[in-house]
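Shown below: coords-v2.txt, with compact mmCIF, C-alpha atoms and all ligand atoms.
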# COMPACT_ATOMS: atom_id res chain seq x y z
CA MET A 26 59.21 227.88 -108.01
CA THR A 27 62.23 229.49 -106.33
CA ALA A 28 62.38 229.16 -102.57
CA SER A 29 62.80 232.40 -100.74
CA TYR A 30 65.24 231.27 -98.08
CA TRP A 31 67.37 228.62 -99.80
CA PRO A 32 69.75 229.36 -102.67
CA ALA A 33 69.05 227.63 -105.99
CA ALA A 34 70.99 226.29 -108.96
CA SER A 35 69.39 225.43 -112.30
CA VAL A 36 70.52 222.34 -114.21
CA LYS A 37 69.37 224.09 -117.41
CA SER A 38 72.11 226.71 -117.01
CA SER A 39 75.66 226.28 -118.34
CA ARG A 40 78.03 224.02 -116.45
CA GLU A 41 79.99 227.02 -115.17
CA ALA A 42 76.85 228.83 -113.99
CA PHE A 43 75.48 225.69 -112.30
CA ASP A 44 78.80 224.93 -110.59
CA SER A 45 79.27 228.43 -109.28
CA ALA A 46 75.64 228.81 -108.05
CA PHE A 47 75.80 225.37 -106.43
CA ARG A 48 79.15 225.98 -104.72
CA ALA A 49 78.15 229.40 -103.46
CA GLY A 50 74.85 228.06 -102.07
CA ALA A 51 76.42 224.97 -100.52
CA GLN A 52 79.01 227.07 -98.77
CA SER A 53 76.74 229.84 -97.58
CA HIS A 54 73.60 227.83 -96.61
CA GLY A 55 74.51 224.12 -96.44
CA ALA A 56 71.67 223.19 -98.82
CA VAL A 57 70.81 224.08 -102.41
CA ILE A 58 67.49 223.84 -104.28
CA ILE A 59 67.92 222.18 -107.68
CA GLU A 60 65.75 223.70 -110.39
CA ASN A 61 64.67 222.37 -113.78
CA PHE A 62 65.67 218.71 -113.50
CA SER A 63 63.64 217.30 -116.40
CA PHE A 64 62.54 214.14 -114.62
CA GLU A 65 59.64 214.24 -112.17
CA ALA A 66 59.48 211.63 -109.45
CA PRO A 67 56.67 209.20 -110.46
CA TRP A 68 54.53 210.03 -107.43
CA THR A 69 51.46 208.00 -108.45
CA ASP A 70 53.54 204.83 -108.78
CA ILE A 71 55.54 205.63 -105.64
CA LYS A 72 52.38 206.05 -103.57
CA SER A 73 50.79 202.93 -104.93
CA LEU A 74 53.97 200.95 -104.17
CA GLN A 75 54.01 202.31 -100.61
CA ASP A 76 50.34 201.33 -100.18
CA LEU A 77 51.20 197.83 -101.36
CA LEU A 78 53.99 197.52 -98.77
CA VAL A 79 51.69 198.57 -95.93
CA ARG A 80 49.01 196.08 -97.09
CA ARG A 81 51.28 193.11 -97.76
CA PRO A 82 53.67 192.03 -94.97
CA ASP A 83 54.49 188.90 -97.00
CA ILE A 84 56.02 191.08 -99.76
CA CYS A 85 58.02 193.05 -97.19
CA GLU A 86 59.31 189.80 -95.73
CA ARG A 87 60.53 188.65 -99.13
CA LEU A 88 62.18 192.02 -99.74
CA ASN A 89 63.97 191.80 -96.41
CA ALA A 90 64.98 188.14 -96.57
CA ALA A 91 68.17 188.89 -98.53
CA GLN A 92 69.36 191.52 -96.04
CA PRO A 93 70.82 191.35 -92.53
CA PRO A 94 68.12 192.27 -89.94
CA THR A 95 69.93 195.49 -89.07
CA LYS A 96 69.82 196.68 -92.72
CA PRO A 97 66.38 195.74 -94.04
CA ASN A 98 65.20 196.94 -97.44
CA VAL A 99 61.81 197.89 -96.01
CA LYS A 100 61.65 199.52 -92.59
CA LEU A 101 58.26 198.93 -91.06
CA ALA A 102 59.02 199.44 -87.39
CA ALA A 103 56.72 202.45 -87.25
CA VAL A 104 53.65 200.42 -88.15
CA ASN A 105 54.63 197.25 -86.31
CA PHE A 106 55.84 198.57 -83.00
CA ASN A 107 54.07 198.03 -79.74
CA LYS A 108 52.64 201.43 -78.84
CA ASP A 109 52.88 200.63 -75.11
CA SER A 110 56.62 199.99 -75.25
CA ASN A 111 57.54 203.67 -74.79
CA ARG A 112 59.90 203.50 -77.74
CA ILE A 113 59.89 206.64 -79.85
CA ILE A 114 60.16 205.49 -83.43
CA ASP A 115 59.97 207.72 -86.53
CA GLN A 116 56.50 207.49 -87.98
CA LYS A 117 57.47 206.52 -91.48
CA VAL A 118 57.86 203.49 -93.69
CA SER A 119 60.83 203.41 -96.04
CA LEU A 120 62.06 201.27 -98.90
CA ASP A 121 65.76 201.34 -99.79
CA SER A 122 67.09 200.20 -103.13
CA SER A 123 70.53 200.13 -104.68
CA ALA A 124 72.35 198.10 -107.31
CA LYS A 125 73.85 195.99 -104.51
CA ARG A 126 70.53 195.37 -102.76
CA ILE A 127 68.75 194.49 -106.02
CA SER A 128 71.47 192.04 -107.06
CA LYS A 129 71.34 190.39 -103.62
CA MET A 130 67.61 189.84 -104.12
CA ALA A 131 68.21 188.47 -107.62
CA GLU A 132 70.67 185.97 -106.10
CA ASP A 133 67.82 184.87 -103.82
CA GLY A 134 65.61 184.34 -106.86
CA VAL A 135 63.47 187.46 -106.29
CA ASP A 136 62.38 189.25 -109.48
CA ILE A 137 61.68 192.76 -108.29
CA VAL A 138 59.18 193.67 -111.04
CA GLU A 139 57.26 190.44 -110.52
CA LEU A 140 57.13 191.04 -106.77
CA LEU A 141 56.28 194.74 -106.77
CA GLY A 142 54.36 195.05 -110.03
CA GLU A 143 54.73 197.22 -113.14
CA GLN A 144 54.67 200.37 -110.98
CA CYS A 145 58.24 199.77 -109.94
CA LYS A 146 59.51 200.21 -113.53
CA SER A 147 59.01 204.00 -113.52
CA ILE A 148 60.76 204.16 -110.14
CA ILE A 149 63.72 202.16 -111.47
CA ASP A 150 63.89 204.55 -114.47
CA PHE A 151 63.76 207.57 -112.17
CA HIS A 152 66.60 206.10 -110.09
CA ALA A 153 68.65 205.56 -113.28
CA ASN A 154 68.05 209.16 -114.44
CA ILE A 155 69.18 210.61 -111.12
CA GLU A 156 72.26 208.44 -111.18
CA ALA A 157 73.17 209.18 -114.79
CA LEU A 158 72.12 212.82 -115.17
CA LEU A 159 71.85 214.63 -111.85
CA ALA A 160 74.25 213.01 -109.36
CA PRO A 161 77.30 213.49 -111.67
CA ARG A 162 76.57 217.23 -112.05
CA ILE A 163 76.35 217.66 -108.31
CA MET A 164 79.50 215.60 -107.80
CA GLN A 165 81.29 217.78 -110.34
CA ALA A 166 80.18 221.02 -108.68
CA LEU A 167 81.05 219.69 -105.24
CA SER A 168 84.48 218.53 -106.37
CA GLY A 169 85.77 222.06 -106.53
CA LEU A 170 84.57 222.71 -103.00
CA VAL A 171 85.25 219.56 -101.01
CA ASP A 172 88.09 217.88 -102.84
CA ASP A 173 89.30 218.27 -106.41
CA GLN A 174 89.27 214.50 -106.92
CA LEU A 175 85.89 213.60 -105.45
CA ASP A 176 85.15 211.20 -108.33
CA SER A 177 88.06 209.00 -107.35
CA ILE A 178 86.51 208.10 -103.98
CA HIS A 179 83.11 207.25 -105.50
CA SER A 180 84.07 204.51 -107.93
CA ASP A 181 81.98 201.84 -106.13
CA ARG A 182 78.82 203.88 -106.75
CA ALA A 183 77.52 203.55 -103.21
CA PHE A 184 74.20 205.15 -104.11
CA THR A 185 70.93 204.34 -102.37
CA LEU A 186 67.44 205.45 -103.35
CA ARG A 187 65.04 205.66 -100.39
CA LEU A 188 61.29 206.00 -100.82
CA CYS A 189 59.91 207.56 -97.63
CA HIS A 190 56.24 207.31 -96.74
CA TYR A 191 54.94 209.35 -93.81
CA PHE A 192 51.48 207.89 -93.37
CA GLU A 193 48.56 210.03 -92.28
CA ARG A 194 48.10 210.28 -88.55
CA GLN A 195 46.32 212.11 -85.76
CA ALA A 196 47.74 215.61 -85.07
CA GLY A 197 49.67 216.07 -81.82
CA GLU A 198 51.39 212.67 -81.58
CA ILE A 199 54.71 212.65 -79.73
CA ALA A 200 56.78 210.44 -82.04
CA PRO A 201 58.37 212.49 -84.82
CA ARG A 202 57.72 211.86 -88.47
CA CYS A 203 61.48 211.91 -88.96
CA GLY A 204 63.52 213.06 -85.97
CA LYS A 205 66.45 215.50 -86.11
CA HIS A 206 69.54 213.92 -87.68
CA ARG A 207 72.37 214.51 -90.13
CA ASP A 208 73.07 212.23 -93.07
CA TYR A 209 76.23 210.15 -93.21
CA GLY A 210 77.65 210.48 -96.70
CA THR A 211 78.76 212.94 -99.37
CA PHE A 212 75.42 214.42 -100.37
CA THR A 213 71.71 213.60 -100.42
CA ILE A 214 69.22 214.70 -103.06
CA ILE A 215 65.66 214.93 -101.69
CA PHE A 216 62.59 215.03 -103.93
CA GLN A 217 59.31 215.93 -102.27
CA ASP A 218 55.69 215.44 -103.19
CA ALA A 219 54.36 218.87 -104.21
CA SER A 220 51.29 218.69 -101.99
CA GLN A 221 52.91 218.14 -98.60
CA PRO A 222 55.54 220.26 -96.82
CA GLY A 223 57.30 219.08 -93.65
CA LEU A 224 61.07 219.02 -94.30
CA GLU A 225 63.03 221.47 -92.15
CA MET A 226 66.76 222.17 -91.84
CA LEU A 227 68.55 223.70 -88.89
CA ARG A 228 70.74 226.62 -89.83
CA ASP A 229 72.26 229.11 -87.39
CA GLY A 230 70.03 227.72 -84.65
CA VAL A 231 66.77 228.28 -86.57
CA TRP A 232 64.61 225.57 -88.18
CA GLN A 233 64.04 226.67 -91.78
CA ARG A 234 61.31 225.10 -93.88
CA VAL A 235 62.02 223.65 -97.28
CA PRO A 236 59.00 224.37 -99.50
CA ALA A 237 56.95 221.35 -100.62
CA GLY A 238 57.74 220.04 -104.07
CA CYS A 239 61.34 221.33 -104.18
CA CYS A 240 64.28 219.13 -105.04
CA VAL A 241 66.97 219.96 -102.50
CA VAL A 242 70.58 218.83 -102.00
CA GLN A 243 72.22 218.70 -98.60
CA PHE A 244 75.43 217.21 -97.26
CA GLY A 245 76.53 214.50 -94.85
CA TRP A 246 79.23 214.03 -92.23
CA CYS A 247 81.72 212.68 -94.79
CA SER A 248 81.61 215.95 -96.77
CA GLN A 249 81.78 218.11 -93.66
CA ILE A 250 84.95 216.34 -92.48
CA ARG A 251 86.53 216.05 -95.93
CA SER A 252 85.90 219.73 -96.72
CA ASN A 253 87.33 220.83 -93.36
CA ASP A 254 83.95 222.50 -92.62
CA ARG A 255 83.86 224.48 -95.88
CA ILE A 256 80.47 222.86 -96.15
CA LYS A 257 78.32 221.69 -93.28
CA ALA A 258 76.11 218.67 -92.72
CA LEU A 259 72.87 220.36 -91.65
CA PRO A 260 70.63 218.71 -89.06
CA HIS A 261 67.21 218.15 -90.58
CA ARG A 262 63.83 216.63 -89.68
CA VAL A 263 60.32 216.13 -91.00
CA VAL A 264 57.43 217.63 -89.04
CA ASP A 265 53.66 217.29 -89.40
CA SER A 266 52.02 219.54 -91.94
CA PRO A 267 48.80 221.26 -90.77
CA ALA A 268 45.98 218.85 -89.93
CA GLY A 269 42.63 218.95 -91.73
CA ALA A 270 39.33 219.77 -90.01
CA ASP A 271 39.13 216.10 -88.96
CA GLY A 272 42.41 216.45 -86.99
CA ILE A 273 44.27 214.17 -89.41
CA VAL A 274 47.70 215.14 -90.74
CA PRO A 275 47.81 214.10 -94.43
CA ARG A 276 50.34 211.62 -95.80
CA ARG A 277 53.63 212.85 -97.19
CA ASP A 278 55.92 211.07 -99.63
CA SER A 279 59.52 211.82 -100.49
CA VAL A 280 62.47 210.27 -102.29
CA ALA A 281 66.02 210.55 -100.93
CA PHE A 282 69.03 209.66 -103.09
CA PHE A 283 72.08 209.10 -100.87
CA VAL A 284 75.64 209.28 -102.23
CA ALA A 285 78.44 207.93 -100.03
CA PRO A 286 82.20 207.50 -100.48
CA ASP A 287 83.74 204.10 -101.27
CA GLU A 288 84.22 202.06 -98.12
CA ALA A 289 87.91 201.49 -98.85
CA ALA A 290 88.60 205.21 -99.48
CA LEU A 291 90.62 207.01 -96.83
CA LEU A 292 88.78 209.32 -94.46
CA GLU A 293 90.76 212.54 -94.65
CA THR A 294 90.39 216.27 -94.14
CA ILE A 295 91.51 218.16 -97.25
CA THR A 296 92.73 221.59 -96.18
CA ARG A 297 93.08 224.58 -98.48
CA GLU A 298 95.98 227.02 -98.24
CA GLY A 299 95.85 228.95 -94.98
CA GLU A 300 93.40 226.56 -93.29
CA VAL A 301 94.10 224.63 -90.11
CA ALA A 302 92.80 221.03 -90.09
CA LEU A 303 89.69 220.89 -87.93
CA TYR A 304 89.60 217.08 -87.60
CA ALA A 305 92.28 214.61 -86.50
CA ASP A 306 92.73 211.02 -85.27
CA MET A 307 89.85 209.67 -87.31
CA PRO A 308 89.49 206.06 -88.38
CA THR A 309 91.56 205.25 -91.47
CA THR A 310 88.80 204.27 -93.91
CA HIS A 311 85.18 205.19 -94.56
CA LYS A 312 84.26 201.59 -93.80
CA GLN A 313 85.54 202.03 -90.24
CA PHE A 314 83.90 205.46 -89.93
CA LYS A 315 80.57 204.15 -91.18
CA ALA A 316 80.66 201.26 -88.73
CA LEU A 317 81.08 203.80 -85.92
CA MET A 318 78.36 206.16 -87.17
CA ALA A 319 75.78 203.58 -88.23
CA ARG A 320 72.62 203.10 -86.22
CA ARG A 321 73.45 205.77 -83.66
CA TRP A 322 69.76 206.58 -83.87
CA SER A 323 68.67 202.98 -83.79
CA GLU A 324 65.83 203.78 -81.42
CA ARG A 325 64.37 206.13 -84.04
CA GLU A 326 64.64 203.63 -86.86
CA GLY A 327 63.45 200.76 -84.70
CA THR A 328 65.86 198.33 -86.40
CA VAL A 329 68.05 197.43 -83.41
CA GLU A 330 68.05 197.95 -79.66
CA ALA A 331 70.43 200.60 -78.30
CA GLY A 332 73.88 199.09 -77.61
CA SER A 333 76.26 199.76 -74.72
CA ASP A 334 78.08 202.51 -76.64
CA THR A 335 75.71 205.42 -76.17
CA ARG A 336 77.76 208.08 -77.93
CA SER A 337 75.83 210.09 -80.52
CA GLN A 338 77.20 210.83 -83.99
CA GLU A 339 77.88 214.36 -82.74
CA ASP A 340 79.91 212.98 -79.77
CA ILE A 341 82.06 210.92 -82.15
CA VAL A 342 82.77 213.81 -84.52
CA GLU A 343 83.49 216.15 -81.59
CA GLU A 344 86.24 213.75 -80.50
CA TYR A 345 88.00 214.28 -83.85
CA GLN A 346 87.54 218.05 -83.51
CA ARG A 347 89.04 217.97 -80.01
CA ALA A 348 91.96 215.88 -81.27
CA ALA A 349 92.68 218.51 -83.96
CA THR A 350 92.51 221.36 -81.42
CA MET A 351 94.96 219.55 -79.13
CA ARG A 352 97.33 218.82 -81.96
CA HIS A 353 97.22 222.41 -83.03
CA ALA A 354 97.86 223.61 -79.46
CA SER A 355 100.81 221.29 -78.98
CA ALA A 356 102.30 222.29 -82.35
CA MET A 357 102.08 225.93 -81.23
CA ASP A 358 103.80 225.04 -77.93
CA SER A 359 106.61 223.13 -79.56
CA GLY A 360 106.93 225.65 -82.40
CA PRO A 361 109.86 227.67 -81.01
CA ALA A 362 111.72 224.51 -79.97
CA ILE A 363 111.35 223.05 -83.44
CA LYS A 364 112.56 226.31 -85.02
CA GLU A 365 115.55 226.38 -82.71
CA ALA A 366 116.40 222.74 -83.47
CA LEU A 367 116.14 223.37 -87.19
CA SER A 368 118.35 226.46 -87.17
CA THR A 369 121.18 224.66 -85.33
CA ALA A 370 120.91 221.36 -87.22
CA ALA A 371 123.45 220.49 -89.89
CA ALA A 372 122.20 220.93 -93.44
CA PRO A 373 120.72 217.64 -94.62
CA ALA A 374 122.87 215.63 -96.95
CA ILE A 375 121.60 215.66 -100.50
CA CYS A 376 121.90 212.36 -102.32
CA ALA A 377 123.21 212.77 -105.82
O1 LIG B 1 61.64 212.84 -96.18
C1 LIG B 1 62.44 213.77 -96.22
O2 LIG B 1 62.15 214.84 -96.76
C2 LIG B 1 63.81 213.63 -95.58
C3 LIG B 1 64.23 212.21 -95.28
C4 LIG B 1 65.58 212.12 -94.62
O3 LIG B 1 66.11 213.07 -94.14
C5 LIG B 1 66.30 210.83 -94.57
O4 LIG B 1 65.70 209.78 -94.89
O5 LIG B 1 67.50 210.84 -94.20
FE FE B 2 68.26 212.70 -93.74

As structure tokens, please, write out the structure in this file.
Ligand SMILES: O=C(O)CCC(=O)C(=O)O
Ligand SMILES: [Fe+2]
Amino acid sequence: MTASYWPAASVKSSREAFDSAFRAGAQSHGAVIIENFSFEAPWTDIKSLQDLLVRRPDICERLNAAQPPTKPNVKLAAVNFNKDSNRIIDQKVSLDSSAKRISKMAEDGVDIVELLGEQCKSIIDFHANIEALLAPRIMQALSGLVDDQLDSIHSDRAFTLRLCHYFERQAGEIAPRCGKHRDYGTFTIIFQDASQPGLEMLRDGVWQRVPAGCCVVQFGWCSQIRSNDRIKALPHRVVDSPAGADGIVPRRDSVAFFVAPDEAALLETITREGEVALYADMPTTHKQFKALMARRWSEREGTVEAGSDTRSQEDIVEEYQRAATMRHASAMDSGPAIKEALSTAAAPAICA
């Protein structure tokens, strides 16, 4: 099915056709529907795994034991929180997995298949297929748009697969299913259960729905900064789908595959000819940038209490934008003086 609003690119088309459709869509709309990826998310196994997590706190505890409390593998705050505490927490349960997280659990003696059952095998295979067959094509297409050498800052394979479970609930609740936010990294591929809509993206001030069942790619802060705004990190959220006659909003399941730059890679803005850099005075590495951006919506995730630094991600990025504007203004001011100095200076000595 082709979505009416969002541009699409088919992985069955030639590499050139895919790259050009993807780049055009990314640039014009900030999100692209991916068509014809041969591998379906194993929804039956995903849902049964999510049901297991909700039923078995002991399993969640074992999954989380290898992780620092601020970065748990399973986020259960939405089901555990005290409803009288006035905290607004996203009404979802999520399970994150990555090569790093799985090997940490193995070090702790946790065999993931033994703990989660046979159903996790199809999910591991799906993860492997995205990583081997889809993510590289997107990276390739994006390379020509963000940075010609995008591969070189993704050698650590900082990829995370997140299974999101928005449990059924009464219509009209205040807490969002997933509140408005932008992703951190290079790009995110989202797979959605065909039966339940809910994902929306904010473009030109209007919330646009993403049809249920579509696979969609959108971009994070790292790509927006690196591409000098040639592509944008769109704010997005998940809202309730229509309730049934009983007033219950049905469950929704999705899979998000996050791709982020290597932590040691430099955070830079790559300008094209004729462009003025729109970001300046950023931290040197992605590790430093991530530390600044992480958990700015802690209250939504319910993983940590809000700290003393109350700046939002938007506030932080706006500081870099302001720094670039000031630099540009002062370069314009000192322009004539520099020209004058250059025209009267002695020709530089050339070393033989
Ligand atoms: O569930 C979805 O469709 C989107 C999830 C999302 O935006 C996220 O986890 O960052
Ligand atoms: Fe997101």

Residues within 9 Å of ligand LIG 1 (chain B) should be enumerated using only C-alpha atoms and all ligand atoms and returned as a PyMOL selection string. chain A and resi 117+119+187-191+202-209+213+215-217+222-225+235+260-263+277-283

Smallest atom-to-atom distance to Glu193 (chain A): which of A:Ala268, A:Val284, A:Ala237, A:Met226, using all atoms listed in the file? A:Ala268

Quick one: everything within 10 Å of Ile199 (chain A), counting all atoms listed in the file, minus sequence neighbours fewer than 4 positions away in the same chain. Send it as a count of residues only. 4

With 4 Å of padding per side, what axis-aligned box (centre and edge lengths, Å, one decimal) covers all the listed atoms of region 29-34 of chain A? Give it as AutoDock Vina command-line options.
--center_x 66.9 --center_y 229.3 --center_z -103.5 --size_x 16.2 --size_y 14.1 --size_z 18.9

Excluding Gly169 (chain A) and any residue of its chain fewer than 6 positions from it, enumerate the residues within 12 Å of it, using only C-alpha atoms, and give them as a list in words.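 Counting only the stated atoms, we get Glu41, Asp44, Ser45, Phe47, Arg48, Ala49, Ala51, Gln52, Arg162, Ile163, Leu175, Asp176, Ser252, Arg255, Ile256, Ile295 and Arg297 of chain A.
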
Correct to one decimal, the distance CA of Ser29 (chain A)-CA of Ser53 (chain A) is 14.5 Å

Nearest residue to Val99 (chain A) from the set A:Ala349, A:Leu78, A:Ala131, A:Ile149 (distances using all atoms listed in the file):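 Once distances to Val99 (chain A) are computed over all atoms listed in the file, the minimum belongs to A:Leu78.
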
So that I can check the surroundings of Ile273 (chain A), please list as a PyMOL selection string every protein, DNA and RNA residue that reaches within 9 Å of it, counting all atoms listed in the file and ignoring chain neighbours fewer than 3 positions away. chain A and resi 193-196+267-270

Given the selection you just returned, output its residues as a file containing C-alpha atoms, formatted as a JSON list (two decimals), in the frame of the given file.
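Dumped everything to out_36.json:
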[["chain", "number", "residue", "atom", "x", "y", "z"],
["A", 193, "GLU", "CA", 48.56, 210.03, -92.28],
["A", 194, "ARG", "CA", 48.10, 210.28, -88.55],
["A", 195, "GLN", "CA", 46.32, 212.11, -85.76],
["A", 196, "ALA", "CA", 47.74, 215.61, -85.07],
["A", 267, "PRO", "CA", 48.80, 221.26, -90.77],
["A", 268, "ALA", "CA", 45.98, 218.85, -89.93],
["A", 269, "GLY", "CA", 42.63, 218.95, -91.73],
["A", 270, "ALA", "CA", 39.33, 219.77, -90.01]]

Can you tell me how far CA of Arg126 (chain A) sits from CA of Cys145 (chain A), in Å to one decimal?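 Here the two named atoms are 14.9 Å from each other.
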
Measure the distance from CA of Val241 (chain A) to CA of Val264 (chain A) in Å and round it to one decimal.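 Atom-to-atom, CA of Val241 (chain A) to CA of Val264 (chain A), that is 16.7 Å.
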
From the options A:Glu198, A:Asp334, A:Asp181, A:Glu60, which residue's atoms come nearest to Ala290 (chain A), counting only C-alpha atoms?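 Closest to Ala290 (chain A) of all the choices is A:Asp181.
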
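Among the candidates A:Leu259, A:Cys240, A:Leu303, A:Met164, the residue lying nearest to ligand FE 2 (chain B) is A:Leu259 (atoms considered: only C-alpha atoms and all ligand atoms).
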
Pick the closest to Asn98 (chain A) from A:Ala56, A:Leu186, A:Ala153, A:Ala219: which is it, counting all atoms listed in the file?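 Under the stated criterion, the closest residue is A:Leu186.
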
Residue with the minimum atom-to-atom distance to Gln174 (chain A), picked from A:Asp358, A:Arg251, A:Arg87, A:Lys129 with all atoms listed in the file counted, is A:Arg251

Distance query 8 Å from (89.2, 214.2, -88.1) using all atoms listed in the file, result as an NGL selection string: :A and (250 or 293-294 or 302-307 or 342 or 345-346 or 348-349)

Counting only C-alpha atoms, which residues have an atom no more than 10 Å from (56.9, 195.6, -107.5) in the file's coordinates? Please list them as number ranges by chain. A: 70, 73-74, 77-78, 84, 136-146, 148
